[in-house]
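First up is the structure itself, then whatever we jot down about it.
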Amino acid sequence: LVDNLNVFLESDDLDQWDVLEFLESFSNLHLPIQMLVDHLTPLRPRLYSIASSQAKYPTQVHLTVGRVENEVRGRSRKGVASTMFADRVTTGSKLQVFVQPTHGFTIPKDPQAPMIMVGPGTGIAPFMAFLQQRDADRATGKNWLFFGDQKSDCDFLYRQQLEDWHASGFLTRLDLAFSRDGTEKVYVQHRMKQKGGELFAWLEQGGSFFVCGDAKRMAVDVD
């Protein structure tokens, strides 16, 4: 039984289970508590991209958090950090946080270089910081954002700011893809294909290309 248990605990799909479900499934094992504790790993940190520039908000850090809750095998599962922010944290609460340094994921060094950003959903977070910083720096390089989500009426994050930037010309291009607004599902990669010639021209001009979001699906489709 111990060998079988070890195999289970080391399986690839273990992250699809929680401790309660495990205990219910193996209730006949009379598992020693210490054995269970020895196999548990520390809670993994939740990493969020900073959605604000220190140049614009020197004493604040902004986050873009999507509340996670779904049903798995008949039980409600809630995102550890997202539901903490949405449901339990109140104004004045204190949290333990740390800063994870990036490795080159930042605005182009050349303020005249074009910048292309693909950030659907909460993947838009770092690009709000990028645009705020380029705005504060009075960078003259062109800026292009591909953004999308499910429905424009409730999922268009930072809509007013993005539309204002676009109207002013600071955000040179704003291409949107809301997959549930029409009869056919349209995603950011479809918008990229539609504008392929111009997109390639920006890259030929020395443009930097950034992607942030779902690494398993969206990023693969964008690639």
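Just so we're on the same page: first chain in the structure tokens is A, next is B, and so on; residues restart at 1 for each chain, and ligands are numbered from 1 in the order they show up.
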Near-Val186 (chain A) list (7 Å; only C-alpha atoms; drop same-chain fewer than 5 positions) as a compact mmCIF listing (two decimals) with N, CA and C atoms, in the first residue's frame:
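Writing the result to selection-v8.txt gives the following:
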```
# COMPACT_ATOMS: atom_id res chain seq x y z
N ALA A 177 -10.53 41.21 -29.83
CA ALA A 177 -11.12 39.93 -30.20
C ALA A 177 -11.94 39.41 -29.03
N PHE A 178 -13.26 39.53 -29.13
CA PHE A 178 -14.15 39.03 -28.08
C PHE A 178 -14.88 37.81 -28.61
N SER A 179 -14.50 36.66 -28.10
CA SER A 179 -14.88 35.38 -28.70
C SER A 179 -16.36 35.04 -28.59
```
Please identify all polymer residues within 10 Å of region 98-103 of chain A, counting only C-alpha atoms, omitting same-chain residues fewer than 4 positions from it, and present them as a PDB file with N, CA, C and O atoms, in the first residue's frame.
```
ATOM      1  N   PRO A  45       3.683  29.751  -4.589  1.00  0.00           N
ATOM      2  CA  PRO A  45       3.332  31.173  -4.677  1.00  0.00           C
ATOM      3  C   PRO A  45       2.506  31.444  -5.920  1.00  0.00           C
ATOM      4  O   PRO A  45       2.645  30.765  -6.940  1.00  0.00           O
ATOM      5  N   LEU A  47       1.967  34.103  -8.753  1.00  0.00           N
ATOM      6  CA  LEU A  47       2.692  35.222  -9.329  1.00  0.00           C
ATOM      7  C   LEU A  47       1.759  36.065 -10.194  1.00  0.00           C
ATOM      8  O   LEU A  47       1.069  35.545 -11.068  1.00  0.00           O
ATOM      9  N   TYR A  48       1.741  37.359  -9.940  1.00  0.00           N
ATOM     10  CA  TYR A  48       0.933  38.294 -10.718  1.00  0.00           C
ATOM     11  C   TYR A  48       1.845  39.332 -11.350  1.00  0.00           C
ATOM     12  O   TYR A  48       2.759  39.832 -10.705  1.00  0.00           O
ATOM     13  N   SER A  49       1.580  39.657 -12.602  1.00  0.00           N
ATOM     14  CA  SER A  49       2.324  40.734 -13.250  1.00  0.00           C
ATOM     15  C   SER A  49       1.872  42.074 -12.670  1.00  0.00           C
ATOM     16  O   SER A  49       0.680  42.290 -12.434  1.00  0.00           O
ATOM     17  N   ILE A  50       2.814  42.955 -12.450  1.00  0.00           N
ATOM     18  CA  ILE A  50       2.482  44.297 -11.964  1.00  0.00           C
ATOM     19  C   ILE A  50       1.881  45.097 -13.113  1.00  0.00           C
ATOM     20  O   ILE A  50       2.449  45.177 -14.196  1.00  0.00           O
TER      21      ILE A  50
END
```
Among region 51-194 of chain A, which ones does DSSP place in alpha helix (DSSP H), written as a PyMOL selection string?
chain A and resi 80-83+125-136+152-155+159-168+188-194
Nearest residue to Ile116 (chain A) from the set A:Gly79, A:Gly141, A:Gly66, A:Gly92 (distances using only C-alpha atoms)
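The answer is A:Gly141, which sits nearest to Ile116 (chain A).
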Nearest residue to Asp149 (chain A) from the set A:Arg173, A:His62, A:Arg180, A:Arg134 (distances using only C-alpha atoms)
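Closest to Asp149 (chain A), using only C-alpha atoms: A:Arg180.
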8 Å contact set for Val65 (chain A), only C-alpha atoms, chain neighbours under 6 positions out, as a list of chain:residue names:
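The contact residues come out as A:Tyr48, A:Ser82, A:Phe85, A:Thr122.
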Please report the interatomic distance between CA of Phe147 (chain A) and CA of His190 (chain A) in Å with one decimal.
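Distance between the two atoms: 11.5 Å.
Remark: for Arg46 (chain A), the closest of the candidate residues A:Lys78, A:Val19, A:Leu131, A:Val97 is A:Val97 (distances computed over only C-alpha atoms).
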Gap from CA of Gln160 (chain A) to CA of Phe127 (chain A) - Å, one decimal
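Answer for the CA of Gln160 (chain A) to CA of Phe127 (chain A) separation: 15.0 Å.
Excluding Pro126 (chain A) itself and same-chain residues fewer than 5 positions from it, the residues having an atom within 12 Å of it are A:Tyr48, A:Ser49, A:Ile50, A:Ala51, A:Ser52, A:Ser53, A:Val61, A:His62, A:Leu63, A:Thr64, A:Thr102, A:Phe105, A:Thr106, A:Ile107, A:Met117, A:Val118, A:Gly119, A:Pro120, A:Gly121, A:Leu131, A:Gln132, A:Gln133, A:Leu145, A:Phe210, A:Val211, A:Cys212, A:Gly213, counting only C-alpha atoms.
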